[in-house]
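Asks: For reference, the file protein26.txt (compact mmCIF, C-alpha atoms and all ligand atoms) is included below:
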```txt
# COMPACT_ATOMS: atom_id res chain seq x y z
CA MET J 1 0.00 0.00 0.00
CA ALA J 2 1.63 3.24 -1.11
CA SER J 3 0.96 6.45 0.76
CA GLN J 4 -0.73 9.32 -1.02
CA VAL J 5 2.37 11.40 -0.73
CA SER J 6 4.56 8.66 -2.13
CA SER J 7 2.09 8.07 -4.90
CA CYS J 8 2.35 11.72 -5.88
CA LEU J 9 6.03 10.90 -6.47
CA ASP J 10 5.07 7.70 -8.26
CA VAL J 11 5.55 9.29 -11.66
CA GLN J 12 7.15 8.54 -15.04
CA SER J 13 9.04 11.82 -15.19
CA VAL J 14 10.16 14.30 -12.57
CA PRO J 15 7.69 17.16 -12.05
CA GLU J 16 9.21 20.56 -12.77
CA SER J 17 9.01 21.73 -9.16
CA TYR J 18 11.40 18.92 -8.13
CA ILE J 19 14.12 19.70 -10.66
CA PHE J 20 17.13 21.43 -9.15
CA PRO J 21 19.12 24.01 -11.12
CA PRO J 22 22.26 22.62 -12.82
CA GLU J 23 24.62 24.04 -10.19
CA THR J 24 22.97 22.23 -7.26
CA ARG J 25 21.62 19.04 -8.87
CA PRO J 26 23.72 15.83 -8.52
CA GLY J 27 24.31 15.52 -12.27
CA LYS J 28 26.42 12.42 -12.70
CA LEU J 29 25.00 9.34 -11.08
CA THR J 30 28.20 7.55 -10.19
CA VAL J 31 30.60 9.11 -7.73
CA PRO J 32 33.74 7.56 -6.24
CA LEU J 33 33.12 5.39 -3.19
CA CYS J 34 35.03 5.64 0.05
CA LYS J 35 37.74 3.04 0.41
CA THR J 36 38.30 1.25 3.67
CA ASN J 37 41.59 1.07 5.53
CA PRO J 38 42.27 -1.58 8.14
CA VAL J 39 41.44 -1.94 11.19
CA ILE J 40 40.76 -0.66 14.67
CA ASP J 41 39.32 -3.23 16.98
CA LEU J 42 36.63 -1.68 19.14
CA GLY J 43 36.53 -4.82 21.20
CA LYS J 44 39.94 -3.91 22.49
CA ALA J 45 38.76 -0.56 23.83
CA VAL J 46 39.08 -1.89 27.36
CA GLY J 47 41.92 -2.17 29.86
CA GLN J 48 45.37 -1.14 28.75
CA ALA J 49 44.68 -1.38 25.03
CA ARG J 50 42.00 1.29 25.35
CA THR J 51 44.52 4.12 25.04
CA ASP J 52 45.79 2.61 21.86
CA ILE J 53 42.32 2.35 20.39
CA ILE J 54 41.48 5.92 21.36
CA GLN J 55 44.60 7.10 19.66
CA GLN J 56 43.69 5.23 16.51
CA ILE J 57 40.20 6.70 16.61
CA SER J 58 41.51 10.25 17.11
CA GLU J 59 44.00 9.86 14.34
CA ALA J 60 41.43 8.50 11.92
CA CYS J 61 39.02 11.25 12.95
CA GLN J 62 41.58 13.99 12.38
CA ARG J 63 43.20 12.65 9.24
CA PHE J 64 40.22 11.03 7.58
CA GLY J 65 37.39 11.75 9.95
CA PHE J 66 35.67 8.53 9.15
CA PHE J 67 35.71 5.04 10.63
CA GLN J 68 33.76 1.87 10.23
CA VAL J 69 33.09 -0.74 12.79
CA HIS J 70 32.00 -4.15 11.71
CA ASN J 71 30.64 -5.57 14.88
CA ILE J 72 33.94 -5.86 16.57
CA LEU J 73 36.19 -3.99 14.26
CA PHE J 74 36.68 -0.34 13.51
CA TYR J 75 37.95 0.43 10.02
CA SER J 76 39.11 3.90 9.26
CA ILE J 77 37.88 5.25 5.95
CA THR J 78 39.04 8.14 3.85
CA SER J 79 36.49 10.88 4.23
CA THR J 80 35.86 13.82 6.48
CA CYS J 81 34.64 13.51 10.01
CA LEU J 82 32.38 10.55 9.74
CA ILE J 83 32.63 7.39 11.66
CA ASN J 84 30.99 4.39 10.10
CA LEU J 85 29.84 1.73 12.50
CA PHE J 86 29.03 -1.54 10.91
CA CYS J 87 27.28 -4.19 12.79
CA SER J 88 26.13 -6.96 10.50
CA PHE J 89 27.80 -9.95 11.95
CA GLU J 90 26.04 -12.68 10.06
CA ASN J 91 26.25 -10.81 6.78
CA SER J 92 29.98 -10.92 6.80
CA LEU J 93 30.70 -14.16 8.46
CA LYS J 94 33.50 -14.93 6.07
CA GLU J 95 35.24 -11.66 6.70
CA LEU J 96 34.63 -12.09 10.36
CA MET J 97 36.22 -15.53 10.40
CA VAL J 98 39.33 -14.11 8.81
CA SER J 99 39.42 -11.16 11.16
CA CYS J 100 38.87 -13.35 14.15
CA LYS J 101 41.05 -16.24 13.17
CA ASP J 102 43.52 -15.73 15.99
CA PHE J 103 40.76 -15.55 18.47
CA CYS J 104 38.99 -18.59 17.07
CA LEU J 105 42.14 -20.65 16.82
CA HIS J 106 42.68 -20.39 20.51
CA GLN J 107 39.16 -21.21 21.53
CA THR J 108 37.48 -24.53 21.86
CA ASN J 109 33.89 -23.39 21.31
CA SER J 110 32.23 -23.33 17.93
CA LEU J 111 32.23 -20.18 15.85
CA GLU J 112 28.52 -19.85 16.58
CA ASP J 113 29.35 -19.50 20.29
CA HIS J 114 31.99 -16.94 19.55
CA ILE J 115 29.55 -14.87 17.59
CA VAL J 116 27.19 -14.74 20.52
CA LEU J 117 30.06 -14.03 22.86
CA TRP J 118 31.52 -11.30 20.71
CA LYS J 119 28.15 -9.80 20.11
CA GLN J 120 27.30 -9.59 23.76
CA VAL J 121 30.65 -8.56 25.04
CA ILE J 122 32.22 -6.36 22.47
CA ASN J 123 29.74 -5.54 19.77
CA HIS J 124 28.35 -2.02 19.64
CA GLY J 125 25.30 -3.45 21.32
CA VAL J 126 22.42 -2.59 19.03
CA PRO J 127 20.79 -5.93 18.20
CA GLU J 128 20.44 -6.57 14.50
CA CYS J 129 16.79 -7.59 14.91
CA LEU J 130 16.04 -4.21 16.49
CA ILE J 131 17.65 -2.44 13.56
CA ILE J 132 15.52 -4.48 11.15
CA ASP J 133 12.34 -3.90 13.17
CA THR J 134 12.97 -0.17 13.46
CA THR J 135 13.50 0.17 9.73
CA LYS J 136 10.31 -1.80 9.10
CA VAL J 137 8.28 0.33 11.50
CA PHE J 138 9.36 3.54 9.76
CA ASN J 139 8.74 2.02 6.32
CA ASP J 140 5.26 1.03 7.47
CA LEU J 141 4.69 4.49 8.87
CA PHE J 142 5.71 6.21 5.65
CA ASN J 143 3.44 3.87 3.74
CA LEU J 144 0.36 4.74 5.79
CA PRO J 145 -2.33 6.78 4.06
CA ALA J 146 -1.66 10.51 4.25
CA GLU J 147 -4.45 11.12 6.78
CA ASP J 148 -2.64 8.99 9.36
CA LYS J 149 0.48 11.14 9.10
CA VAL J 150 -1.05 14.55 9.50
CA ASN J 151 1.26 16.90 11.34
CA VAL J 152 -0.40 18.50 14.37
CA PRO J 153 2.54 20.03 16.25
CA GLU J 154 0.41 21.05 19.27
CA LYS J 155 -0.85 17.51 19.67
CA ASN J 156 1.79 15.15 18.34
CA GLY J 157 5.14 14.27 19.82
CA TRP J 158 6.35 13.77 16.24
CA PHE J 159 6.55 16.01 13.22
CA TYR J 160 5.79 14.77 9.75
CA THR J 161 6.66 16.63 6.56
CA ASP J 162 5.70 15.47 3.10
CA SER J 163 7.60 16.21 -0.07
CA MET J 164 5.15 18.96 -1.02
CA LYS J 165 6.04 20.99 2.05
CA PHE J 166 9.78 20.69 1.64
CA SER J 167 11.20 23.22 -0.67
CA SER J 168 14.48 24.94 -1.08
CA ASN J 169 14.29 28.14 -3.09
CA GLY J 170 11.09 26.79 -4.52
CA VAL J 171 12.44 23.33 -5.44
CA HIS J 172 10.99 20.34 -3.62
CA LEU J 173 13.03 17.58 -2.07
CA TRP J 174 12.34 13.99 -3.08
CA ARG J 175 11.58 12.79 0.41
CA GLU J 176 9.19 12.47 3.30
CA ASN J 177 10.46 13.00 6.82
CA ILE J 178 9.40 12.39 10.39
CA LYS J 179 11.16 13.97 13.36
CA VAL J 180 10.75 12.53 16.83
CA PRO J 181 12.13 14.34 19.89
CA CYS J 182 13.10 11.49 22.18
CA GLN J 183 13.35 13.10 25.56
CA PRO J 184 11.97 12.80 28.14
CA LEU J 185 11.39 9.39 26.68
CA GLU J 186 9.06 7.95 29.26
CA GLU J 187 6.71 10.90 29.45
CA GLU J 188 5.70 13.25 26.65
CA CYS J 189 7.39 11.48 23.81
CA VAL J 190 6.01 8.03 24.49
CA GLN J 191 2.52 9.34 25.21
CA LEU J 192 2.47 11.24 21.95
CA CYS J 193 3.74 8.45 19.69
CA PRO J 194 1.93 7.78 16.41
CA GLU J 195 -0.86 5.24 17.01
CA LYS J 196 0.06 3.36 13.85
CA PRO J 197 1.95 1.22 12.97
CA ASN J 198 1.05 -1.08 15.85
CA ARG J 199 4.48 -1.79 17.26
CA TYR J 200 5.83 1.72 16.73
CA ARG J 201 5.99 2.64 20.41
CA GLU J 202 7.63 -0.53 21.66
CA ILE J 203 10.21 -0.70 18.89
CA VAL J 204 11.12 2.95 18.62
CA VAL J 205 11.51 3.30 22.39
CA SER J 206 13.91 0.33 22.45
CA TYR J 207 15.82 1.73 19.49
CA VAL J 208 16.12 5.16 21.08
CA LYS J 209 17.49 3.61 24.28
CA GLU J 210 20.03 1.47 22.45
CA LEU J 211 21.17 4.40 20.36
CA ARG J 212 21.60 6.48 23.49
CA LYS J 213 23.96 3.89 24.94
CA LEU J 214 25.90 3.62 21.71
CA SER J 215 26.20 7.40 21.32
CA LEU J 216 27.48 7.87 24.84
CA ARG J 217 30.03 5.16 24.32
CA ILE J 218 31.30 6.74 21.12
CA LEU J 219 31.32 10.20 22.69
CA GLU J 220 33.35 8.91 25.58
CA LEU J 221 36.00 7.58 23.18
CA ILE J 222 36.03 10.84 21.24
CA CYS J 223 36.25 12.76 24.51
CA GLU J 224 39.30 10.84 25.62
CA GLY J 225 40.77 11.20 22.16
CA LEU J 226 40.50 14.97 22.42
CA GLY J 227 42.20 14.87 25.81
CA LEU J 228 39.12 16.09 27.67
CA GLU J 229 38.15 14.78 31.07
CA GLY J 230 35.75 11.83 31.15
CA GLY J 231 32.09 12.80 30.92
CA TYR J 232 32.91 16.10 29.21
CA PHE J 233 30.07 15.65 26.72
CA GLU J 234 27.48 14.73 29.35
CA GLU J 235 25.83 18.13 29.36
CA SER J 236 26.18 18.76 25.67
CA SER J 237 24.48 15.50 24.75
CA GLU J 238 21.26 15.75 26.71
CA VAL J 239 18.74 16.01 23.92
CA GLN J 240 18.19 13.18 21.48
CA LEU J 241 16.22 13.68 18.29
CA LEU J 242 15.35 10.97 15.81
CA THR J 243 14.75 11.93 12.21
CA ALA J 244 13.68 9.35 9.64
CA ASN J 245 13.75 9.98 5.89
CA TYR J 246 11.90 8.14 3.15
CA TYR J 247 13.12 8.64 -0.42
CA PRO J 248 10.85 7.04 -3.03
CA PRO J 249 12.41 5.80 -6.29
CA CYS J 250 12.91 8.68 -8.69
CA PRO J 251 12.73 8.57 -12.51
CA ASP J 252 15.68 10.95 -12.89
CA PRO J 253 18.04 11.05 -9.89
CA SER J 254 20.44 13.31 -11.77
CA THR J 255 18.08 16.27 -11.41
CA THR J 256 16.66 15.72 -7.91
CA LEU J 257 17.89 15.67 -4.31
CA GLY J 258 16.60 13.75 -1.32
CA LEU J 259 18.37 16.12 1.02
CA LEU J 260 20.34 19.28 0.31
CA ARG J 261 24.01 19.61 1.19
CA HIS J 262 24.26 20.38 4.89
CA CYS J 263 26.19 19.81 8.09
CA ASP J 264 24.27 18.39 11.00
CA PRO J 265 23.35 20.79 13.80
CA SER J 266 24.14 18.11 16.39
CA LEU J 267 27.06 17.09 18.53
CA ILE J 268 27.13 13.79 16.69
CA THR J 269 24.64 12.03 14.47
CA ILE J 270 24.36 8.27 14.22
CA LEU J 271 22.83 7.44 10.89
CA LEU J 272 21.33 4.12 9.95
CA GLU J 273 21.83 4.34 6.23
CA GLY J 274 19.82 1.22 5.45
CA ASP J 275 20.50 -1.22 2.63
CA VAL J 276 20.27 1.27 -0.21
CA SER J 277 23.09 3.73 -0.85
CA GLY J 278 22.32 7.43 -1.22
CA LEU J 279 24.52 9.27 1.29
CA GLN J 280 27.29 11.39 -0.22
CA VAL J 281 30.00 13.35 1.57
CA PHE J 282 31.85 16.37 0.16
CA LYS J 283 35.56 15.69 0.46
CA ASP J 284 38.49 17.47 -1.20
CA GLY J 285 36.25 19.28 -3.65
CA GLU J 286 34.19 16.31 -4.79
CA TRP J 287 31.23 14.22 -3.70
CA ILE J 288 32.00 10.70 -2.58
CA GLY J 289 29.47 7.98 -1.89
CA VAL J 290 29.19 6.14 1.40
CA LYS J 291 28.27 2.60 0.48
CA ALA J 292 25.28 1.33 2.43
CA LEU J 293 25.93 -1.85 4.38
CA SER J 294 23.20 -3.81 6.09
CA ASN J 295 22.78 -2.79 9.71
CA ALA J 296 25.56 -0.28 9.46
CA PHE J 297 25.71 3.04 11.26
CA VAL J 298 27.48 6.13 10.01
CA VAL J 299 28.52 8.49 12.78
CA ILE J 300 28.71 12.08 11.64
CA VAL J 301 30.53 14.81 13.51
CA GLY J 302 28.02 17.65 13.89
CA ASN J 303 28.48 21.42 14.12
CA GLN J 304 28.53 21.40 17.93
CA LEU J 305 31.41 18.93 18.13
CA GLU J 306 33.31 21.02 15.62
CA ILE J 307 32.85 24.04 17.89
CA ILE J 308 33.66 22.27 21.15
CA SER J 309 36.74 20.63 19.65
CA ASN J 310 37.78 24.05 18.30
CA GLN J 311 37.83 22.52 14.84
CA LYS J 312 40.09 19.61 15.76
CA LEU J 313 37.19 17.61 14.40
CA LYS J 314 35.33 18.99 11.45
CA SER J 315 31.70 18.59 10.64
CA ALA J 316 31.24 16.88 7.28
CA GLU J 317 29.07 18.32 4.55
CA HIS J 318 26.77 15.67 3.21
CA ARG J 319 23.61 15.22 1.15
CA ALA J 320 21.24 12.45 0.06
CA VAL J 321 20.68 11.54 -3.57
CA THR J 322 17.85 9.45 -4.96
CA ASN J 323 17.91 6.36 -7.18
CA PRO J 324 15.66 5.09 -9.97
CA SER J 325 14.76 1.65 -8.70
CA GLU J 326 14.48 1.38 -4.93
CA ALA J 327 12.87 3.32 -2.14
CA ARG J 328 15.34 4.20 0.59
CA THR J 329 14.75 4.76 4.29
CA SER J 330 17.41 6.30 6.52
CA ILE J 331 17.12 6.90 10.26
CA ALA J 332 19.31 9.49 11.93
CA THR J 333 19.75 9.92 15.67
CA LEU J 334 20.95 13.41 16.49
CA ILE J 335 22.62 13.90 19.85
CA ASN J 336 22.26 17.57 20.78
CA PRO J 337 22.93 19.91 23.68
CA SER J 338 19.93 21.15 25.63
CA LEU J 339 18.59 24.47 24.38
CA ASP J 340 20.13 26.49 27.23
CA PHE J 341 23.58 24.99 26.85
CA VAL J 342 26.32 27.43 25.91
CA VAL J 343 28.35 25.86 23.12
CA GLU J 344 31.96 27.01 22.97
CA PRO J 345 35.44 25.60 22.40
CA ALA J 346 36.58 23.47 25.35
CA LYS J 347 38.92 25.55 27.55
CA LEU J 348 41.48 22.76 27.52
CA LEU J 349 41.76 22.95 23.76
CA VAL J 350 42.32 26.69 23.65
CA ASN J 351 45.62 28.46 24.31
CA ASP J 352 47.84 31.16 22.79
CA LEU J 353 48.74 28.92 19.90
CA ASN J 354 45.20 27.71 19.43
CA PRO J 355 42.90 30.68 19.99
CA PRO J 356 39.15 29.99 20.05
CA LEU J 357 37.76 29.80 16.55
CA TYR J 358 34.15 30.29 17.67
CA ARG J 359 32.40 32.63 20.06
CA PRO J 360 30.15 31.08 22.72
CA ILE J 361 26.58 30.64 21.56
CA LEU J 362 23.46 29.40 23.29
CA TYR J 363 22.34 26.28 21.50
CA LYS J 364 18.84 27.67 21.18
CA GLU J 365 20.23 30.70 19.34
CA PHE J 366 22.07 28.40 16.97
CA VAL J 367 18.90 26.39 16.42
CA HIS J 368 16.83 29.51 15.90
CA SER J 369 19.15 31.25 13.49
CA SER J 370 19.97 28.16 11.44
CA ARG J 371 16.42 26.74 11.59
CA ALA J 372 18.26 23.60 12.54
CA PHE J 373 15.21 21.33 12.70
CA GLY J 374 13.69 22.34 9.38
CA PRO J 375 10.19 23.74 8.94
CA ASP J 376 9.10 22.56 12.41
CA THR J 377 12.06 24.09 14.24
CA GLU J 378 9.95 26.27 16.54
CA ALA J 379 7.52 23.49 17.44
CA ILE J 380 10.36 21.04 18.08
CA LYS J 381 12.12 23.62 20.22
CA TYR J 382 9.00 23.92 22.29
CA ARG J 383 8.68 20.16 22.61
CA ILE J 384 12.27 19.73 23.81
CA SER J 385 12.38 22.82 25.98
CA SER J 386 12.92 22.31 29.67
CA GLU J 387 9.76 24.27 30.45
CA LEU J 388 7.56 21.35 29.49
O1 LIG E 401 19.54 9.93 4.28
C1 LIG E 401 20.74 10.12 4.44
O2 LIG E 401 21.61 9.32 4.07
C2 LIG E 401 21.22 11.38 5.10
C3 LIG E 401 20.31 11.85 6.19
C4 LIG E 401 20.83 13.08 6.85
O3 LIG E 401 21.85 13.60 6.52
C5 LIG E 401 20.06 13.69 7.95
O4 LIG E 401 18.96 13.20 8.28
O5 LIG E 401 20.57 14.69 8.52
FE FE E 402 22.55 15.07 7.95
```
Could you quickly redo this structure as structure tokens?
Replies:
Amino acid sequence: MASQVSSCLDVQSVPESYIFPPETRPGKLTVPLCKTNPVIDLGKAVGQARTDIIQQISEACQRFGFFQVHNILFYSITSTCLINLFCSFENSLKELMVSCKDFCLHQTNSLEDHIVLWKQVINHGVPECLIIDTTKVFNDLFNLPAEDKVNVPEKNGWFYTDSMKFSSNGVHLWRENIKVPCQPLEEECVQLCPEKPNRYREIVVSYVKELRKLSLRILELICEGLGLEGGYFEESSEVQLLTANYYPPCPDPSTTLGLLRHCDPSLITILLEGDVSGLQVFKDGEWIGVKALSNAFVVIVGNQLEIISNQKLKSAEHRAVTNPSEARTSIATLINPSLDFVVEPAKLLVNDLNPPLYRPILYKEFVHSSRAFGPDTEAIKYRISSEL
């Protein structure tokens, strides 16, 4: 069952109002893909080896800004300020066996047992089935009839925007979007969940909790990597916002965009790219594609981390392109400061040689002036404000 909004994009040719001018449209359909470098083992980020891992992460973040983790392994990737976290254990069993051969050689249990063990002990912790369920729930939501998705900011804890409402200088984006402020999770947000699909509440709440744990873990590693005291990001990571995008297939991806070039307004963003590629990052003057891997996360350094790190880490410019054959769903978790948090370069990272590159700014001012949360920025601000 296709939604009404999707069916308005179910067309043989791209309507004029969706065609971007030549200077901003993607143009060529194939762009170079990021290439992986070996290997940082996240599983070793404990005990004495932790320092080593943190150093590898920092280095990759500064030089390339981009890592992947494949369940137990971090791979650094050439790109700017993204960290890719891959978690599909079963999907890459062969690769895993090679990577883990030392471990397996010295164990007596079957590989099956090791998988469970590694998953529980050193995996990033988001169960694969939860990733699959969450993607399905958002697909089902986007495929509901339009009347079930009506945006009523005063009433809903979620904010839906169809492709008709999105426009940039008069050109529409090829996507639908839902934004879900996730805190306080147990109160407002849960009460105001969409009623359909049936399992939305249960699944999204679990996903939000898992992503919180994962984000804090990654932030802690980044924090140590920057040389800041443990827990430094606690206050600047209070507000979690989930934003899910649905990009229907498009008859001419060369002229349309799912999402304009932008940097995220967050501290970090953890993006579930899904199985269909479409994310591109601007690096060294060209767009490069980030290949989608099943159950993989891409971690994007947001504007706030760039500020706090005094540009030691740089927020990556990225965009989403469409494709002619498959619908694509991506789910981003933005970890943000609370609205009253003053964002500024960490004192420890500023000295005579490294003067502050940014002036302090209240996060709510940043949000207001950049319209960080899109057309519903004001309503979302209200929903996440501490006055609730
Ligand atoms: O869909 C994508 O791959 C990108 C999504 C994104 O950049 C965002 O939601 O901020
Ligand atoms: Fe983004």
Asks: Given all atoms listed in the file, how would the per-residue table for chain J near ligand LIG 401 (chain E) read, listing every residue at most 7 Å away with its closest atom pair and distance in Å to one decimal, sorted by chain and number, as a Markdown table?
Replies:
```
| residue | atom | partner | partner_atom | distance |
| --- | --- | --- | --- | --- |
| J:Thr243 | CA | E:LIG401 | O4 | 5.9 |
| J:Ala244 | CA | E:LIG401 | O4 | 6.7 |
| J:Asn245 | CA | E:LIG401 | O1 | 6.0 |
| J:Leu259 | CA | E:LIG401 | C2 | 6.9 |
| J:Asp264 | CA | E:LIG401 | O5 | 5.8 |
| J:Leu271 | CA | E:LIG401 | C3 | 6.9 |
| J:Glu273 | CA | E:LIG401 | O2 | 5.4 |
| J:Gly278 | CA | E:LIG401 | O2 | 5.7 |
| J:Leu279 | CA | E:LIG401 | O2 | 4.0 |
| J:His318 | CA | E:LIG401 | O3 | 6.3 |
| J:Arg319 | CA | E:LIG401 | O3 | 5.9 |
| J:Ala320 | CA | E:LIG401 | C1 | 5.0 |
| J:Ser330 | CA | E:LIG401 | O1 | 4.8 |
| J:Ile331 | CA | E:LIG401 | O4 | 6.9 |
| J:Ala332 | CA | E:LIG401 | O4 | 5.2 |
```
Asks: Report as a tab-separated table: every residue of range 359-384 of chain J with an atom at most 10 Å from range 341-345 of chain J, its closest pair of atoms, and their distance in Å to one decimal, counting only C-alpha atoms, with rows sorted by chain and ascending residue number.
Replies:
```
residue	atom	partner	partner_atom	distance
J:Arg359	CA	J:Glu344	CA	6.3
J:Pro360	CA	J:Glu344	CA	4.5
J:Ile361	CA	J:Val343	CA	5.3
J:Leu362	CA	J:Val342	CA	4.4
J:Tyr363	CA	J:Phe341	CA	5.6
J:Lys364	CA	J:Phe341	CA	7.9
J:Glu365	CA	J:Val342	CA	9.5
J:Phe366	CA	J:Val343	CA	9.1
```
Asks: So which one's closest to Ile132 in chain J, J:Gln12, J:Ser338, J:Ser370, J:Ser294? Using only C-alpha atoms, please.
Replies: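 Distance minimum relative to Ile132 in chain J lands on J:Ser294.
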Asks: Could you jot down the CA of Tyr207 in chain J to CA of Gly125 in chain J separation for me, Å, one decimal place?
Replies: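 Taking CA of Tyr207 in chain J and CA of Gly125 in chain J, their separation equals 11.0 Å.
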Asks: Could you please determine the separation between CA of Pro375 in chain J and CA of Phe20 in chain J in Å, to one decimal place?
Replies: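 We find that CA of Pro375 in chain J and CA of Phe20 in chain J lie 19.5 Å from each other.
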Asks: Quick one, how far is CA of Glu23 in chain J from CA of Glu176 in chain J?
Replies: 23.5 Å
Asks: Kindly indicate which residue among J:His262, J:Arg212, J:Lys381, J:Arg328 lies nearest to ligand FE 402 (chain E), using all atoms listed in the file for the distances.
Replies: J:His262
Asks: Rank J:Asp10, J:Asp376, J:Glu238, J:Asp340 by their smallest atom-to-atom distance to Arg175 in chain J, using only C-alpha atoms, and report the top residue only.
Replies: J:Asp10
Asks: From the list J:Thr134, J:Gln55, J:Ser309, J:Ser266, which residue is nearest ligand FE 402 (chain E) when using all atoms listed in the file?
Replies: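 The closest residue to ligand FE 402 (chain E) is J:Ser266.
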Asks: Please list as a ChimeraX atom specification every residue within 8 Å of range 286-292 of chain J, counting all atoms listed in the file and excluding residues in the same chain fewer than 5 positions away.
Replies: /J:31-34,273-281
Asks: With all atoms listed in the file as the counted atoms, please give the residues lying no more than 6 Å from Lys179 in chain J, apart from itself and same-chain residues fewer than 5 positions off, as a VMD selection string.
Replies: chain J and resid 158 to 159 242 to 243
